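I have placed the structure first, in the form of structure tokens, so that the comments after it can refer back to it.
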Amino acid sequence: MILVVKVLNNNVIIASHPEHGEVVLIGKGLGFGKKEGDAVADGQAEKFFVLRSGEEQQQYKELMTYVDESFVGIMNEEMEKLESHFQSALNEHIHVGLTDHLYFAVKRIQQGHGIKNPFLQETELAYPQEYQAAAAMAERFNQELGIRIPEGEIGFITLHIHSALTNRDLAQINRHTQLVSSLVKMIETYFDLDVDKEDLNYLRLVRHLHHAIERVTTGHYAEQQDTLLLVLQKEYPLCYNLSWKLMKVMQQELGCRVPDAEAVYLTLHIQRLISAEQTT
């Protein structure tokens with residue numbers, strides 16, 4: 001039997017579930033007239049999710065005290081769309097993290113405040129599918145609330161979605177995105193370039209850096225490229241030397257050893273990038 005623990009609003013309640021423990025139940029009018037201890041019939045809720053962390057349970061309860069009920073309704077619908085679109089369950093933290101983040105972002109936009117995101121391009125290039133989903137979510141809020149969510153904010157939504165899909169910590173994803181941006185700036189400074197962010201070689205470089213960081217942090221990096229390393233060292237000494245500088249920064253920031261093989265991939269990406277820039 002599912003019993004009401006707390007009514008958060010007319011459409012959302014906290015309930016005690018016989019299999020999952022404390023859960024959040026969502027459904028139109030589900031909480032209307034309900035009180036603690038009342039039974040909830042099977043199938044009455046349209047959706048439920050589990051907040052396993054006691055801290056997150058408390059955060060969600062607090063969230064419901066200041067976030068508009070209609071806003072929560074839209075967010076819950078958008079979460080369902082995300083799970084359907086990606087054919088994957090979302091980490092339950094997104095119900096707290098993204099709802100809270102987007103609610104205050106909308107308030108700032110309505111008050112005329114701008115939103116700056118210096119890592120927007122790196123985010124869009126690294127997570128294109130999540131970015132498209134974030135843009136669709138932003139458009140829904142634009143239509144519902146009569147506002148215009150800027151691209152910078154879409155970038156932040158993208159990171160929340162990626163975090164929920166991969167079960168990776170949002171703060172870690174932010175740090176990695178900032179690291180990629182720093183590495184690109186090192187390349188620009190080293191060769192005195194202003195890289196064309198629309199260039200396909202830039203796209204490949206950014207995506208490679210994100211994948212490299214992920215492989216290094218997860219330990220899934222076994223390639224050996226000793227012969228090619230020696231060839232590249234002779235052919236492209238400047239790019240080769242820079243690749244080792246970049247690897248040293250990665251190693252310091254990530255606290256993990258970066259395998260020597262990474263110098264091969266970085267050297268090739270850097271060489272393609274600067275060759276393209278020098279021919280334009």
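Labels for the structure tokens follow display order: chains A, B, ..., residues from 1 in each chain, ligands from 1.
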
- request: Determine, counting only C-alpha atoms, which protein, DNA and RNA residues have an atom within 10 Å of an atom of A:Asp100; residues of the same chain fewer than 6 positions away are not included. Present the result as a ChimeraX atom specification.
  value: /A:59-60,63-64,66-67,72,94

Could those selected residues go to a file with N, CA and C atoms, as a PDB file, in the first residue's frame?
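selection29.pdb, freshly written:
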ATOM      1  N   GLN A  59      15.770  18.743   0.220  1.00  0.00           N
ATOM      2  CA  GLN A  59      15.915  19.838  -0.734  1.00  0.00           C
ATOM      3  C   GLN A  59      14.692  19.940  -1.643  1.00  0.00           C
ATOM      4  N   TYR A  60      14.164  18.793  -2.059  1.00  0.00           N
ATOM      5  CA  TYR A  60      12.990  18.812  -2.935  1.00  0.00           C
ATOM      6  C   TYR A  60      11.767  19.349  -2.199  1.00  0.00           C
ATOM      7  N   LEU A  63      12.118  22.952  -2.046  1.00  0.00           N
ATOM      8  CA  LEU A  63      11.923  23.499  -3.389  1.00  0.00           C
ATOM      9  C   LEU A  63      10.443  23.804  -3.635  1.00  0.00           C
ATOM     10  N   MET A  64       9.606  22.906  -3.193  1.00  0.00           N
ATOM     11  CA  MET A  64       8.165  23.057  -3.426  1.00  0.00           C
ATOM     12  C   MET A  64       7.551  24.224  -2.652  1.00  0.00           C
ATOM     13  N   TYR A  66       8.773  27.291  -2.584  1.00  0.00           N
ATOM     14  CA  TYR A  66       8.956  28.590  -3.251  1.00  0.00           C
ATOM     15  C   TYR A  66       8.846  28.537  -4.777  1.00  0.00           C
ATOM     16  N   VAL A  67       8.847  27.341  -5.361  1.00  0.00           N
ATOM     17  CA  VAL A  67       8.712  27.231  -6.812  1.00  0.00           C
ATOM     18  C   VAL A  67       7.236  27.112  -7.170  1.00  0.00           C
ATOM     19  N   VAL A  72       6.700  23.698 -11.677  1.00  0.00           N
ATOM     20  CA  VAL A  72       7.035  22.309 -11.351  1.00  0.00           C
ATOM     21  C   VAL A  72       6.368  21.364 -12.347  1.00  0.00           C
ATOM     22  N   ILE A  94      18.393  15.517 -10.903  1.00  0.00           N
ATOM     23  CA  ILE A  94      18.003  16.570 -11.843  1.00  0.00           C
ATOM     24  C   ILE A  94      16.685  17.229 -11.426  1.00  0.00           C
TER      25      ILE A  94
END

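For A:Ala138, the residues within 9 Å (counting only C-alpha atoms, excluding itself and residues fewer than 3 positions away along the chain) are Ala133, Ala134, Ala135, Phe141, Asn142, Gln143, Arg148, Ile149, Pro150, Glu153, Ile154 and Ile157 of chain A.
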
DSSP alpha helix (DSSP H) selection over stretch 107-271 of chain A, as JSON, numbers by chain: {"A": [107, 108, 109, 110, 120, 121, 122, 123, 124, 125, 126, 128, 129, 130, 131, 132, 133, 134, 135, 136, 137, 138, 139, 140, 141, 142, 143, 144, 145, 151, 152, 153, 154, 155, 156, 157, 158, 159, 160, 161, 162, 163, 164, 165, 166, 170, 171, 172, 173, 174, 175, 176, 177, 178, 179, 180, 181, 182, 183, 184, 185, 186, 187, 188, 189, 190, 200, 201, 202, 203, 204, 205, 206, 207, 208, 209, 210, 211, 212, 213, 214, 215, 216, 217, 218, 226, 227, 228, 229, 230, 231, 232, 233, 234, 235, 237, 238, 239, 240, 241, 242, 243, 244, 245, 246, 247, 248, 249, 250, 251, 252, 253, 254, 262, 263, 264, 265, 266, 267, 268, 269, 270, 271]}

query: If we count only C-alpha atoms, what is near A:Ser163 at a cut-off of 12 Å, once residues fewer than 2 positions away on the same chain are taken out, given as a PyMOL selection string?
result: chain A and resi 89-95+97-98+127+130+156-161+165-174

message: I'd like to know which of A:Lys34, A:Lys81, A:His210, A:Arg52 is closest to A:His20, using only C-alpha atoms.
response: A:Arg52

task: Tell me which protein, DNA and RNA residues are within 9 Å of A:Arg140, counting only C-alpha atoms, leaving out same-chain ones fewer than 5 positions away, and put them as a PyMOL selection string.
output: chain A and resi 74+78+135+145

Write the residues you've just listed into a file as a short mmCIF file (atom, residue, chain, number, x, y, z; two decimals), in the first residue's frame, and include C-alpha atoms for each of them.
data_model
loop_
_atom_site.label_atom_id
_atom_site.label_comp_id
_atom_site.auth_asym_id
_atom_site.auth_seq_id
_atom_site.Cartn_x
_atom_site.Cartn_y
_atom_site.Cartn_z
CA ILE A 74 6.29 21.99 -16.77
CA GLU A 78 10.09 18.07 -19.61
CA ALA A 135 17.24 24.29 -26.52
CA LEU A 145 6.25 32.28 -19.74
#

- request: Please provide as a VMD selection string all residues within 10 Å of stretch 264-276 of chain A, with the sequence filter that same-chain residues fewer than 2 positions apart are discarded (counting only C-alpha atoms).
  value: chain A and resid 184 187 to 188 191 193 195 to 196 199 to 206 208 to 209 212 224 to 233 236 to 244 246 to 247 260 to 262 278 to 280

task: Tell me, in Å to one decimal, how far atom CA of A:Thr65 is from atom CA of A:Gly114.
output: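 Between atom CA of A:Thr65 and atom CA of A:Gly114 the gap is 26.0 Å.
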
message: Report, in Å with one decimal, the straight-line distance from atom CA of A:Glu80 to atom CA of A:Lys61.
response: 20.1 Å

message: Measuring between only C-alpha atoms, which one of A:Met137, A:Leu120, A:Leu25, A:Ala263 shows the shortest distance to A:Glu77?
response: A:Met137

- prompt: Tell me, which residues of stretch 23-76 of chain A carry DSSP strand (DSSP E), written as an NGL selection string?
  reply: :A and (23-26 or 39-40 or 47-50)
